[in-house]
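Q: my_file07.cif is reproduced in full below (mmCIF, N, CA and C atoms).
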data_model
#
loop_
_atom_site.label_atom_id
_atom_site.label_comp_id
_atom_site.auth_asym_id
_atom_site.auth_seq_id
_atom_site.Cartn_x
_atom_site.Cartn_y
_atom_site.Cartn_z
N MET C 1 22.82 -9.13 7.02
CA MET C 1 21.43 -9.55 6.88
C MET C 1 21.44 -10.93 6.21
N PRO C 2 20.80 -11.90 6.79
CA PRO C 2 20.84 -13.26 6.26
C PRO C 2 20.31 -13.41 4.85
N GLU C 3 19.36 -12.58 4.46
CA GLU C 3 18.76 -12.71 3.13
C GLU C 3 19.52 -11.89 2.09
N ASP C 4 20.71 -11.39 2.42
CA ASP C 4 21.52 -10.58 1.51
C ASP C 4 20.76 -9.37 0.99
N GLY C 5 19.91 -8.77 1.83
CA GLY C 5 19.18 -7.57 1.45
C GLY C 5 17.96 -7.79 0.60
N TYR C 6 17.59 -9.04 0.31
CA TYR C 6 16.47 -9.33 -0.57
C TYR C 6 15.18 -8.67 -0.11
N TYR C 7 14.94 -8.66 1.20
CA TYR C 7 13.69 -8.12 1.73
C TYR C 7 13.72 -6.61 1.96
N ALA C 8 14.72 -5.93 1.43
CA ALA C 8 14.78 -4.48 1.57
C ALA C 8 13.62 -3.81 0.83
N LYS C 9 13.20 -4.37 -0.29
CA LYS C 9 12.06 -3.84 -1.03
C LYS C 9 10.92 -4.84 -1.14
N VAL C 10 11.27 -6.09 -1.29
CA VAL C 10 10.26 -7.14 -1.44
C VAL C 10 9.79 -7.57 -0.05
N PRO C 11 8.49 -7.53 0.20
CA PRO C 11 8.00 -7.93 1.52
C PRO C 11 8.31 -9.38 1.85
N ARG C 12 8.48 -9.63 3.13
CA ARG C 12 8.71 -10.98 3.61
C ARG C 12 7.44 -11.81 3.36
N PRO C 13 7.57 -13.12 3.20
CA PRO C 13 6.39 -13.96 2.93
C PRO C 13 5.28 -13.79 3.97
N GLU C 14 5.63 -13.63 5.24
CA GLU C 14 4.60 -13.48 6.27
C GLU C 14 3.86 -12.14 6.13
N SER C 15 4.54 -11.12 5.58
CA SER C 15 3.87 -9.85 5.34
C SER C 15 2.89 -9.97 4.18
N ILE C 16 3.29 -10.67 3.13
CA ILE C 16 2.38 -10.92 2.00
C ILE C 16 1.17 -11.72 2.48
N ASP C 17 1.39 -12.71 3.32
CA ASP C 17 0.27 -13.48 3.87
C ASP C 17 -0.68 -12.58 4.67
N ALA C 18 -0.14 -11.63 5.41
CA ALA C 18 -0.99 -10.71 6.18
C ALA C 18 -1.83 -9.85 5.25
N VAL C 19 -1.26 -9.38 4.16
CA VAL C 19 -2.02 -8.60 3.18
C VAL C 19 -3.15 -9.45 2.60
N ARG C 20 -2.84 -10.66 2.21
CA ARG C 20 -3.87 -11.56 1.66
C ARG C 20 -5.00 -11.80 2.65
N ARG C 21 -4.63 -12.06 3.91
CA ARG C 21 -5.65 -12.29 4.96
C ARG C 21 -6.54 -11.07 5.14
N CYS C 22 -5.92 -9.91 5.22
CA CYS C 22 -6.70 -8.68 5.41
C CYS C 22 -7.63 -8.40 4.25
N LEU C 23 -7.15 -8.63 3.03
CA LEU C 23 -8.01 -8.43 1.87
C LEU C 23 -9.19 -9.39 1.87
N SER C 24 -8.96 -10.61 2.29
CA SER C 24 -10.05 -11.59 2.28
C SER C 24 -11.07 -11.33 3.39
N ARG C 25 -10.68 -10.57 4.41
CA ARG C 25 -11.57 -10.32 5.55
C ARG C 25 -12.14 -8.91 5.61
N HIS C 26 -11.59 -7.99 4.85
CA HIS C 26 -11.99 -6.59 4.94
C HIS C 26 -13.40 -6.40 4.40
N GLY C 27 -14.24 -5.72 5.15
CA GLY C 27 -15.65 -5.54 4.79
C GLY C 27 -15.89 -4.71 3.54
N ALA C 28 -14.94 -3.88 3.14
CA ALA C 28 -15.12 -3.04 1.95
C ALA C 28 -14.65 -3.73 0.67
N VAL C 29 -13.98 -4.86 0.82
CA VAL C 29 -13.40 -5.55 -0.34
C VAL C 29 -14.38 -6.58 -0.89
N ARG C 30 -14.71 -6.44 -2.16
CA ARG C 30 -15.57 -7.41 -2.82
C ARG C 30 -14.74 -8.60 -3.32
N ASP C 31 -13.62 -8.27 -3.97
CA ASP C 31 -12.79 -9.31 -4.57
C ASP C 31 -11.39 -8.76 -4.77
N ARG C 32 -10.44 -9.66 -4.90
CA ARG C 32 -9.07 -9.26 -5.19
C ARG C 32 -8.47 -10.23 -6.19
N LYS C 33 -7.64 -9.67 -7.05
CA LYS C 33 -6.91 -10.49 -8.01
C LYS C 33 -5.43 -10.25 -7.76
N GLU C 34 -4.71 -11.30 -7.45
CA GLU C 34 -3.29 -11.20 -7.21
C GLU C 34 -2.56 -11.32 -8.54
N ILE C 35 -1.95 -10.23 -8.97
CA ILE C 35 -1.18 -10.23 -10.21
C ILE C 35 0.20 -10.83 -9.93
N THR C 36 0.82 -10.35 -8.87
CA THR C 36 2.06 -10.89 -8.31
C THR C 36 1.92 -10.78 -6.79
N PRO C 37 2.81 -11.36 -6.01
CA PRO C 37 2.70 -11.19 -4.56
C PRO C 37 2.81 -9.73 -4.10
N GLN C 38 3.26 -8.83 -4.99
CA GLN C 38 3.36 -7.42 -4.64
C GLN C 38 2.30 -6.55 -5.31
N LEU C 39 1.52 -7.09 -6.23
CA LEU C 39 0.59 -6.29 -7.01
C LEU C 39 -0.80 -6.93 -7.01
N TYR C 40 -1.81 -6.13 -6.64
CA TYR C 40 -3.18 -6.64 -6.50
C TYR C 40 -4.16 -5.67 -7.15
N GLU C 41 -5.17 -6.22 -7.78
CA GLU C 41 -6.32 -5.45 -8.24
C GLU C 41 -7.43 -5.76 -7.25
N ILE C 42 -7.96 -4.71 -6.62
CA ILE C 42 -8.96 -4.87 -5.56
C ILE C 42 -10.25 -4.20 -5.99
N SER C 43 -11.33 -4.97 -6.04
CA SER C 43 -12.64 -4.37 -6.27
C SER C 43 -13.31 -4.21 -4.90
N ARG C 44 -13.93 -3.04 -4.74
CA ARG C 44 -14.55 -2.73 -3.45
C ARG C 44 -16.04 -2.51 -3.61
N ILE C 45 -16.76 -2.74 -2.56
CA ILE C 45 -18.21 -2.62 -2.56
C ILE C 45 -18.59 -1.13 -2.59
N GLY C 46 -19.25 -0.71 -3.68
CA GLY C 46 -19.72 0.66 -3.80
C GLY C 46 -18.64 1.72 -3.94
N LYS C 47 -17.43 1.30 -4.25
CA LYS C 47 -16.32 2.24 -4.39
C LYS C 47 -15.49 1.87 -5.61
N SER C 48 -14.61 2.78 -5.98
CA SER C 48 -13.75 2.51 -7.13
C SER C 48 -12.74 1.42 -6.81
N ALA C 49 -12.24 0.80 -7.85
CA ALA C 49 -11.23 -0.25 -7.70
C ALA C 49 -9.90 0.39 -7.28
N VAL C 50 -9.06 -0.42 -6.66
CA VAL C 50 -7.73 0.00 -6.23
C VAL C 50 -6.72 -0.98 -6.80
N THR C 51 -5.64 -0.44 -7.34
CA THR C 51 -4.52 -1.29 -7.74
C THR C 51 -3.42 -1.04 -6.72
N LEU C 52 -3.14 -2.06 -5.94
CA LEU C 52 -2.24 -1.99 -4.79
C LEU C 52 -0.86 -2.54 -5.12
N PHE C 53 0.17 -1.78 -4.74
CA PHE C 53 1.54 -2.27 -4.79
C PHE C 53 2.05 -2.35 -3.37
N VAL C 54 2.59 -3.51 -2.99
CA VAL C 54 3.09 -3.75 -1.64
C VAL C 54 4.61 -3.74 -1.66
N THR C 55 5.19 -2.93 -0.79
CA THR C 55 6.63 -2.84 -0.70
C THR C 55 7.09 -3.01 0.75
N ASN C 56 8.36 -3.22 0.92
CA ASN C 56 8.94 -3.33 2.25
C ASN C 56 10.02 -2.27 2.46
N VAL C 57 9.98 -1.21 1.68
CA VAL C 57 10.94 -0.13 1.84
C VAL C 57 10.76 0.45 3.25
N TYR C 58 11.86 0.58 3.98
CA TYR C 58 11.80 1.02 5.38
C TYR C 58 11.23 2.44 5.49
N THR C 59 11.74 3.36 4.70
CA THR C 59 11.19 4.71 4.63
C THR C 59 11.01 5.05 3.16
N VAL C 60 9.78 5.06 2.70
CA VAL C 60 9.47 5.34 1.30
C VAL C 60 9.71 6.82 1.03
N GLY C 61 10.51 7.10 0.02
CA GLY C 61 10.79 8.47 -0.40
C GLY C 61 10.20 8.74 -1.76
N VAL C 62 10.36 9.97 -2.21
CA VAL C 62 9.83 10.37 -3.52
C VAL C 62 10.37 9.47 -4.62
N ALA C 63 11.67 9.16 -4.60
CA ALA C 63 12.26 8.31 -5.64
C ALA C 63 11.61 6.93 -5.67
N ASP C 64 11.25 6.41 -4.51
CA ASP C 64 10.58 5.10 -4.46
C ASP C 64 9.20 5.18 -5.10
N VAL C 65 8.45 6.24 -4.79
CA VAL C 65 7.13 6.42 -5.40
C VAL C 65 7.27 6.56 -6.92
N GLN C 66 8.24 7.34 -7.36
CA GLN C 66 8.45 7.51 -8.80
C GLN C 66 8.78 6.19 -9.47
N GLU C 67 9.66 5.41 -8.85
CA GLU C 67 10.05 4.11 -9.41
C GLU C 67 8.85 3.17 -9.52
N ILE C 68 8.07 3.08 -8.46
CA ILE C 68 6.89 2.20 -8.47
C ILE C 68 5.89 2.66 -9.52
N ALA C 69 5.63 3.97 -9.59
CA ALA C 69 4.67 4.51 -10.55
C ALA C 69 5.13 4.29 -11.99
N GLU C 70 6.43 4.38 -12.23
CA GLU C 70 6.96 4.15 -13.58
C GLU C 70 6.88 2.68 -13.97
N GLU C 71 7.19 1.81 -13.03
CA GLU C 71 7.17 0.37 -13.32
C GLU C 71 5.76 -0.20 -13.37
N HIS C 72 4.83 0.44 -12.65
CA HIS C 72 3.44 -0.05 -12.56
C HIS C 72 2.50 1.15 -12.70
N PRO C 73 2.29 1.65 -13.92
CA PRO C 73 1.51 2.87 -14.12
C PRO C 73 0.05 2.79 -13.68
N SER C 74 -0.47 1.59 -13.50
CA SER C 74 -1.87 1.46 -13.07
C SER C 74 -2.04 1.54 -11.55
N VAL C 75 -0.95 1.59 -10.81
CA VAL C 75 -1.02 1.59 -9.35
C VAL C 75 -1.72 2.84 -8.84
N THR C 76 -2.66 2.64 -7.91
CA THR C 76 -3.37 3.74 -7.27
C THR C 76 -3.12 3.77 -5.77
N CYS C 77 -2.35 2.80 -5.28
CA CYS C 77 -2.10 2.71 -3.84
C CYS C 77 -0.78 1.98 -3.61
N ILE C 78 0.04 2.54 -2.72
CA ILE C 78 1.29 1.91 -2.32
C ILE C 78 1.21 1.65 -0.82
N LEU C 79 1.51 0.42 -0.45
CA LEU C 79 1.50 0.01 0.95
C LEU C 79 2.90 -0.39 1.36
N THR C 80 3.47 0.31 2.34
CA THR C 80 4.73 -0.13 2.92
C THR C 80 4.35 -0.97 4.13
N VAL C 81 4.55 -2.26 4.02
CA VAL C 81 3.80 -3.24 4.77
C VAL C 81 4.26 -3.51 6.21
N SER C 82 5.53 -3.48 6.48
CA SER C 82 5.98 -3.85 7.82
C SER C 82 5.63 -2.76 8.83
N ALA C 83 5.32 -3.17 10.03
CA ALA C 83 4.83 -2.25 11.07
C ALA C 83 5.81 -1.13 11.37
N TRP C 84 7.10 -1.37 11.21
CA TRP C 84 8.09 -0.34 11.53
C TRP C 84 8.42 0.54 10.34
N ASN C 85 7.85 0.26 9.17
CA ASN C 85 8.10 1.06 7.97
C ASN C 85 7.31 2.36 8.01
N SER C 86 7.73 3.30 7.19
CA SER C 86 7.04 4.58 7.11
C SER C 86 7.33 5.21 5.74
N TYR C 87 7.11 6.52 5.64
CA TYR C 87 7.36 7.27 4.42
C TYR C 87 7.66 8.71 4.81
N THR C 88 8.28 9.43 3.89
CA THR C 88 8.54 10.84 4.15
C THR C 88 7.29 11.66 3.82
N ARG C 89 7.22 12.83 4.40
CA ARG C 89 6.11 13.74 4.12
C ARG C 89 6.11 14.09 2.63
N GLN C 90 7.30 14.29 2.07
CA GLN C 90 7.41 14.63 0.65
C GLN C 90 6.90 13.50 -0.24
N ALA C 91 7.19 12.25 0.15
CA ALA C 91 6.71 11.10 -0.62
C ALA C 91 5.19 11.03 -0.58
N LYS C 92 4.61 11.26 0.59
CA LYS C 92 3.15 11.24 0.74
C LYS C 92 2.53 12.32 -0.15
N GLU C 93 3.10 13.53 -0.10
CA GLU C 93 2.58 14.64 -0.91
C GLU C 93 2.75 14.38 -2.41
N TYR C 94 3.90 13.85 -2.79
CA TYR C 94 4.13 13.55 -4.20
C TYR C 94 3.16 12.47 -4.68
N ALA C 95 3.02 11.41 -3.92
CA ALA C 95 2.08 10.34 -4.30
C ALA C 95 0.68 10.91 -4.47
N ARG C 96 0.26 11.74 -3.53
CA ARG C 96 -1.07 12.35 -3.60
C ARG C 96 -1.21 13.19 -4.87
N SER C 97 -0.14 13.90 -5.25
CA SER C 97 -0.19 14.77 -6.43
C SER C 97 -0.36 13.99 -7.73
N ILE C 98 -0.01 12.70 -7.72
CA ILE C 98 -0.20 11.87 -8.91
C ILE C 98 -1.31 10.82 -8.68
N ASN C 99 -2.19 11.12 -7.71
CA ASN C 99 -3.37 10.30 -7.42
C ASN C 99 -3.04 8.88 -6.98
N ILE C 100 -2.01 8.77 -6.15
CA ILE C 100 -1.65 7.48 -5.54
C ILE C 100 -1.72 7.66 -4.03
N GLY C 101 -2.42 6.75 -3.37
CA GLY C 101 -2.42 6.75 -1.91
C GLY C 101 -1.18 6.03 -1.41
N LEU C 102 -0.52 6.61 -0.43
CA LEU C 102 0.68 6.01 0.17
C LEU C 102 0.39 5.78 1.64
N PHE C 103 0.47 4.52 2.08
CA PHE C 103 0.02 4.18 3.42
C PHE C 103 0.93 3.19 4.13
N ARG C 104 0.91 3.29 5.45
CA ARG C 104 1.42 2.23 6.32
C ARG C 104 0.25 1.26 6.51
N PHE C 105 0.55 0.08 7.05
CA PHE C 105 -0.47 -0.97 7.10
C PHE C 105 -1.74 -0.52 7.80
N TYR C 106 -1.63 0.04 9.01
CA TYR C 106 -2.83 0.40 9.76
C TYR C 106 -3.61 1.53 9.07
N GLU C 107 -2.93 2.40 8.36
CA GLU C 107 -3.62 3.45 7.62
C GLU C 107 -4.40 2.86 6.44
N TRP C 108 -3.75 1.94 5.76
CA TRP C 108 -4.34 1.32 4.57
C TRP C 108 -5.65 0.61 4.91
N MET C 109 -5.68 -0.07 6.05
CA MET C 109 -6.90 -0.79 6.45
C MET C 109 -8.08 0.17 6.58
N GLY C 110 -7.84 1.35 7.11
CA GLY C 110 -8.90 2.35 7.22
C GLY C 110 -9.22 3.01 5.89
N ALA C 111 -8.18 3.31 5.11
CA ALA C 111 -8.36 4.00 3.83
C ALA C 111 -9.23 3.19 2.87
N LEU C 112 -9.17 1.88 2.95
CA LEU C 112 -9.97 1.04 2.06
C LEU C 112 -11.47 1.31 2.19
N ASN C 113 -11.89 1.91 3.28
CA ASN C 113 -13.30 2.22 3.49
C ASN C 113 -13.75 3.49 2.78
N TYR C 114 -12.82 4.20 2.16
CA TYR C 114 -13.12 5.49 1.55
C TYR C 114 -12.78 5.47 0.06
N ASP C 115 -13.26 6.51 -0.61
CA ASP C 115 -13.07 6.59 -2.05
C ASP C 115 -12.51 7.94 -2.44
N ARG C 116 -11.88 7.97 -3.57
CA ARG C 116 -11.36 9.17 -4.21
C ARG C 116 -10.52 10.03 -3.24
N ASP C 117 -10.85 11.33 -3.08
CA ASP C 117 -10.04 12.21 -2.24
C ASP C 117 -9.98 11.72 -0.79
N GLU C 118 -11.09 11.21 -0.29
CA GLU C 118 -11.09 10.71 1.09
C GLU C 118 -10.14 9.52 1.26
N PHE C 119 -10.03 8.71 0.23
CA PHE C 119 -9.09 7.60 0.23
C PHE C 119 -7.66 8.13 0.22
N LEU C 120 -7.37 9.02 -0.73
CA LEU C 120 -6.01 9.54 -0.88
C LEU C 120 -5.55 10.33 0.34
N ASP C 121 -6.48 11.02 0.99
CA ASP C 121 -6.14 11.90 2.11
C ASP C 121 -6.36 11.25 3.47
N TYR C 122 -6.67 9.97 3.48
CA TYR C 122 -7.00 9.30 4.74
C TYR C 122 -5.88 9.42 5.78
N ILE C 123 -6.30 9.77 6.99
CA ILE C 123 -5.40 9.81 8.15
C ILE C 123 -6.04 8.94 9.22
N ALA C 124 -5.29 8.00 9.73
CA ALA C 124 -5.80 7.10 10.77
C ALA C 124 -6.18 7.90 12.01
N PRO C 125 -7.22 7.47 12.73
CA PRO C 125 -7.63 8.19 13.94
C PRO C 125 -6.49 8.42 14.93
N SER C 126 -5.60 7.48 15.04
CA SER C 126 -4.49 7.62 15.99
C SER C 126 -3.51 8.71 15.58
N ASP C 127 -3.56 9.14 14.33
CA ASP C 127 -2.64 10.17 13.82
C ASP C 127 -3.29 11.54 13.66
N ARG C 128 -4.57 11.63 13.97
CA ARG C 128 -5.28 12.91 13.79
C ARG C 128 -5.00 13.86 14.94
#
How does the structure come out when it is put into structure tokens?
A:
Amino acid sequence: MPEDGYYAKVPRPESIDAVRRCLSRHGAVRDRKEITPQLYEISRIGKSAVTLFVTNVYTVGVADVQEIAEEHPSVTCILTVSAWNSYTRQAKEYARSINIGLFRFYEWMGALNYDRDEFLDYIAPSDR
């Protein structure tokens, strides 16, 4: 790998740019504050705020969710950003059990329209 594995967890610059673009255009987003290129505080119209962590882990597992939650205790949402990335069923269930939404990019775009349990439990129409 030309980047010596750097992008195994840290999203590529073009993926971060896509997140920024989507946040600036999403109808449910009032404002966003970029803490780091991987961490965002998102205020939403008529809904609770979301603290988003963006990762590039190919398949997010329980250990990844635990690591992110320990390093960033305010996180309420984890996005595995690249289109080919995913997560295990156990990681999704574990994240949900600690009130963190775990999403792929297309799921996250829909989940932003919902709040609380509906946000955490969001399933994209294509996956229903």
Q: Once the PyMOL selection byres ((chain C and resi 14-22) around 8) is applied to the coordinates I shared, what remains selected? I want it as a PyMOL selection string.
A: chain C and resi 10-13+23-27+29+37-38+81-82+109
Q: Going by the chain IDs and residue numbers used in this file, which residues fall under the PyMOL selection byres ((chain C and resi 77) around 8)? Write them as a VMD selection string.
A: chain C and resid 50 to 54 74 to 76 78 to 80 99 to 103
Q: May I ask for the distance between atom CA of C:Pro125 and atom CA of C:Ala83, given in Å to one decimal place?
A: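 Here the two named atoms are 16.5 Å from each other.
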Q: Please extract the residues of stretch 12-53 of chain C with a backbone DSSP assignment of strand (DSSP E or B) and present them as a PyMOL selection string.
A: chain C and resi 29-36+39-44+47-53
Q: Suppose you want the space between atom CA of C:Arg44 and atom CA of C:Ala28; what is it in Å?
A: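 Atom CA of C:Ala28 lies 5.4 Å from atom CA of C:Arg44.
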Q: From a DSSP calculation on the backbone, collect every residue of chain C in helix (DSSP H, G or I) and output the set as an mmCIF file with N, CA and C atoms, keeping the file's coordinate frame.
A:
data_model
loop_
_atom_site.group_PDB
_atom_site.id
_atom_site.type_symbol
_atom_site.label_atom_id
_atom_site.label_comp_id
_atom_site.auth_asym_id
_atom_site.auth_seq_id
_atom_site.Cartn_x
_atom_site.Cartn_y
_atom_site.Cartn_z
ATOM 1 N N TYR C 6 17.590 -9.040 0.310
ATOM 2 C CA TYR C 6 16.470 -9.330 -0.570
ATOM 3 C C TYR C 6 15.180 -8.670 -0.110
ATOM 4 N N TYR C 7 14.940 -8.660 1.200
ATOM 5 C CA TYR C 7 13.690 -8.120 1.730
ATOM 6 C C TYR C 7 13.720 -6.610 1.960
ATOM 7 N N ALA C 8 14.720 -5.930 1.430
ATOM 8 C CA ALA C 8 14.780 -4.480 1.570
ATOM 9 C C ALA C 8 13.620 -3.810 0.830
ATOM 10 N N PRO C 13 7.570 -13.120 3.200
ATOM 11 C CA PRO C 13 6.390 -13.960 2.930
ATOM 12 C C PRO C 13 5.280 -13.790 3.970
ATOM 13 N N GLU C 14 5.630 -13.630 5.240
ATOM 14 C CA GLU C 14 4.600 -13.480 6.270
ATOM 15 C C GLU C 14 3.860 -12.140 6.130
ATOM 16 N N SER C 15 4.540 -11.120 5.580
ATOM 17 C CA SER C 15 3.870 -9.850 5.340
ATOM 18 C C SER C 15 2.890 -9.970 4.180
ATOM 19 N N ILE C 16 3.290 -10.670 3.130
ATOM 20 C CA ILE C 16 2.380 -10.920 2.000
ATOM 21 C C ILE C 16 1.170 -11.720 2.480
ATOM 22 N N ASP C 17 1.390 -12.710 3.320
ATOM 23 C CA ASP C 17 0.270 -13.480 3.870
ATOM 24 C C ASP C 17 -0.680 -12.580 4.670
ATOM 25 N N ALA C 18 -0.140 -11.630 5.410
ATOM 26 C CA ALA C 18 -0.990 -10.710 6.180
ATOM 27 C C ALA C 18 -1.830 -9.850 5.250
ATOM 28 N N VAL C 19 -1.260 -9.380 4.160
ATOM 29 C CA VAL C 19 -2.020 -8.600 3.180
ATOM 30 C C VAL C 19 -3.150 -9.450 2.600
ATOM 31 N N ARG C 20 -2.840 -10.660 2.210
ATOM 32 C CA ARG C 20 -3.870 -11.560 1.660
ATOM 33 C C ARG C 20 -5.000 -11.800 2.650
ATOM 34 N N ARG C 21 -4.630 -12.060 3.910
ATOM 35 C CA ARG C 21 -5.650 -12.290 4.960
ATOM 36 C C ARG C 21 -6.540 -11.070 5.140
ATOM 37 N N CYS C 22 -5.920 -9.910 5.220
ATOM 38 C CA CYS C 22 -6.700 -8.680 5.410
ATOM 39 C C CYS C 22 -7.630 -8.400 4.250
ATOM 40 N N LEU C 23 -7.150 -8.630 3.030
ATOM 41 C CA LEU C 23 -8.010 -8.430 1.870
ATOM 42 C C LEU C 23 -9.190 -9.390 1.870
ATOM 43 N N SER C 24 -8.960 -10.610 2.290
ATOM 44 C CA SER C 24 -10.050 -11.590 2.280
ATOM 45 C C SER C 24 -11.070 -11.330 3.390
ATOM 46 N N ARG C 25 -10.680 -10.570 4.410
ATOM 47 C CA ARG C 25 -11.570 -10.320 5.550
ATOM 48 C C ARG C 25 -12.140 -8.910 5.610
ATOM 49 N N VAL C 62 10.360 9.970 -2.210
ATOM 50 C CA VAL C 62 9.830 10.370 -3.520
ATOM 51 C C VAL C 62 10.370 9.470 -4.620
ATOM 52 N N ALA C 63 11.670 9.160 -4.600
ATOM 53 C CA ALA C 63 12.260 8.310 -5.640
ATOM 54 C C ALA C 63 11.610 6.930 -5.670
ATOM 55 N N ASP C 64 11.250 6.410 -4.510
ATOM 56 C CA ASP C 64 10.580 5.100 -4.460
ATOM 57 C C ASP C 64 9.200 5.180 -5.100
ATOM 58 N N VAL C 65 8.450 6.240 -4.790
ATOM 59 C CA VAL C 65 7.130 6.420 -5.400
ATOM 60 C C VAL C 65 7.270 6.560 -6.920
ATOM 61 N N GLN C 66 8.240 7.340 -7.360
ATOM 62 C CA GLN C 66 8.450 7.510 -8.800
ATOM 63 C C GLN C 66 8.780 6.190 -9.470
ATOM 64 N N GLU C 67 9.660 5.410 -8.850
ATOM 65 C CA GLU C 67 10.050 4.110 -9.410
ATOM 66 C C GLU C 67 8.850 3.170 -9.520
ATOM 67 N N ILE C 68 8.070 3.080 -8.460
ATOM 68 C CA ILE C 68 6.890 2.200 -8.470
ATOM 69 C C ILE C 68 5.890 2.660 -9.520
ATOM 70 N N ALA C 69 5.630 3.970 -9.590
ATOM 71 C CA ALA C 69 4.670 4.510 -10.550
ATOM 72 C C ALA C 69 5.130 4.290 -11.990
ATOM 73 N N GLU C 70 6.430 4.380 -12.230
ATOM 74 C CA GLU C 70 6.960 4.150 -13.580
ATOM 75 C C GLU C 70 6.880 2.680 -13.970
ATOM 76 N N GLU C 71 7.190 1.810 -13.030
ATOM 77 C CA GLU C 71 7.170 0.370 -13.320
ATOM 78 C C GLU C 71 5.760 -0.200 -13.370
ATOM 79 N N ARG C 89 7.220 12.830 4.400
ATOM 80 C CA ARG C 89 6.110 13.740 4.120
ATOM 81 C C ARG C 89 6.110 14.090 2.630
ATOM 82 N N GLN C 90 7.300 14.290 2.070
ATOM 83 C CA GLN C 90 7.410 14.630 0.650
ATOM 84 C C GLN C 90 6.900 13.500 -0.240
ATOM 85 N N ALA C 91 7.190 12.250 0.150
ATOM 86 C CA ALA C 91 6.710 11.100 -0.620
ATOM 87 C C ALA C 91 5.190 11.030 -0.580
ATOM 88 N N LYS C 92 4.610 11.260 0.590
ATOM 89 C CA LYS C 92 3.150 11.240 0.740
ATOM 90 C C LYS C 92 2.530 12.320 -0.150
ATOM 91 N N GLU C 93 3.100 13.530 -0.100
ATOM 92 C CA GLU C 93 2.580 14.640 -0.910
ATOM 93 C C GLU C 93 2.750 14.380 -2.410
ATOM 94 N N TYR C 94 3.900 13.850 -2.790
ATOM 95 C CA TYR C 94 4.130 13.550 -4.200
ATOM 96 C C TYR C 94 3.160 12.470 -4.680
ATOM 97 N N ALA C 95 3.020 11.410 -3.920
ATOM 98 C CA ALA C 95 2.080 10.340 -4.300
ATOM 99 C C ALA C 95 0.680 10.910 -4.470
ATOM 100 N N ARG C 96 0.260 11.740 -3.530
ATOM 101 C CA ARG C 96 -1.070 12.350 -3.600
ATOM 102 C C ARG C 96 -1.210 13.190 -4.870
ATOM 103 N N SER C 97 -0.140 13.900 -5.250
ATOM 104 C CA SER C 97 -0.190 14.770 -6.430
ATOM 105 C C SER C 97 -0.360 13.990 -7.730
ATOM 106 N N PHE C 105 0.550 0.080 7.050
ATOM 107 C CA PHE C 105 -0.470 -0.970 7.100
ATOM 108 C C PHE C 105 -1.740 -0.520 7.800
ATOM 109 N N TYR C 106 -1.630 0.040 9.010
ATOM 110 C CA TYR C 106 -2.830 0.400 9.760
ATOM 111 C C TYR C 106 -3.610 1.530 9.070
ATOM 112 N N GLU C 107 -2.930 2.400 8.360
ATOM 113 C CA GLU C 107 -3.620 3.450 7.620
ATOM 114 C C GLU C 107 -4.400 2.860 6.440
ATOM 115 N N TRP C 108 -3.750 1.940 5.760
ATOM 116 C CA TRP C 108 -4.340 1.320 4.570
ATOM 117 C C TRP C 108 -5.650 0.610 4.910
ATOM 118 N N MET C 109 -5.680 -0.070 6.050
ATOM 119 C CA MET C 109 -6.900 -0.790 6.450
ATOM 120 C C MET C 109 -8.080 0.170 6.580
ATOM 121 N N GLY C 110 -7.840 1.350 7.110
ATOM 122 C CA GLY C 110 -8.900 2.350 7.220
ATOM 123 C C GLY C 110 -9.220 3.010 5.890
ATOM 124 N N ALA C 111 -8.180 3.310 5.110
ATOM 125 C CA ALA C 111 -8.360 4.000 3.830
ATOM 126 C C ALA C 111 -9.230 3.190 2.870
ATOM 127 N N ARG C 116 -11.880 7.970 -3.570
ATOM 128 C CA ARG C 116 -11.360 9.170 -4.210
ATOM 129 C C ARG C 116 -10.520 10.030 -3.240
ATOM 130 N N ASP C 117 -10.850 11.330 -3.080
ATOM 131 C CA ASP C 117 -10.040 12.210 -2.240
ATOM 132 C C ASP C 117 -9.980 11.720 -0.790
ATOM 133 N N GLU C 118 -11.090 11.210 -0.290
ATOM 134 C CA GLU C 118 -11.090 10.710 1.090
ATOM 135 C C GLU C 118 -10.140 9.520 1.260
ATOM 136 N N PHE C 119 -10.030 8.710 0.230
ATOM 137 C CA PHE C 119 -9.090 7.600 0.230
ATOM 138 C C PHE C 119 -7.660 8.130 0.220
ATOM 139 N N LEU C 120 -7.370 9.020 -0.730
ATOM 140 C CA LEU C 120 -6.010 9.540 -0.880
ATOM 141 C C LEU C 120 -5.550 10.330 0.340
ATOM 142 N N PRO C 125 -7.220 7.470 12.730
ATOM 143 C CA PRO C 125 -7.630 8.190 13.940
ATOM 144 C C PRO C 125 -6.490 8.420 14.930
ATOM 145 N N SER C 126 -5.600 7.480 15.040
ATOM 146 C CA SER C 126 -4.490 7.620 15.990
ATOM 147 C C SER C 126 -3.510 8.710 15.580
ATOM 148 N N ASP C 127 -3.560 9.140 14.330
ATOM 149 C CA ASP C 127 -2.640 10.170 13.820
ATOM 150 C C ASP C 127 -3.290 11.540 13.660
#
Q: Between atom CA of C:Tyr87 and atom N of C:Tyr122, measure the distance and give it in Å to one decimal.
A: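 Pair atom CA of C:Tyr87 / atom N of C:Tyr122 returns 14.3 Å.
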Q: So, with only C-alpha atoms as the atoms that count, which of C:Asp127, C:Glu41, C:Asp31, C:Asp121 lies closest to C:Lys92?
A: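 Ranked by minimum distance to C:Lys92, first place goes to C:Asp121.
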Q: Using only N, CA and C atoms, which residues sit within 6.5 Å of C:Ser86 once same-chain residues fewer than 3 positions away are excluded, as a PyMOL selection string?
A: chain C and resi 57-60+80+83+104
Q: Which of these, C:Arg30, C:Asn85, C:Lys47, C:Tyr40, has the shortest distance to C:Tyr114 once you count only C-alpha atoms?
A: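 Using only C-alpha atoms, C:Tyr114 sits closest to C:Lys47.
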Q: Could you state which residues are captured by the PyMOL selection byres ((chain C and resi 61) around 6.5) in this file, as a PyMOL selection string?
A: chain C and resi 59-60+62-66+87-88+90-91
Q: Step by step: start from the point (-7.5, 6.7, 11.7) in the file's coordinates, keep every protein, DNA or RNA residue that has an atom no farther than 8 Å from it, count only N, CA and C atoms, and write the set as a PyMOL selection string.
A: chain C and resi 106-107+110-111+122-128
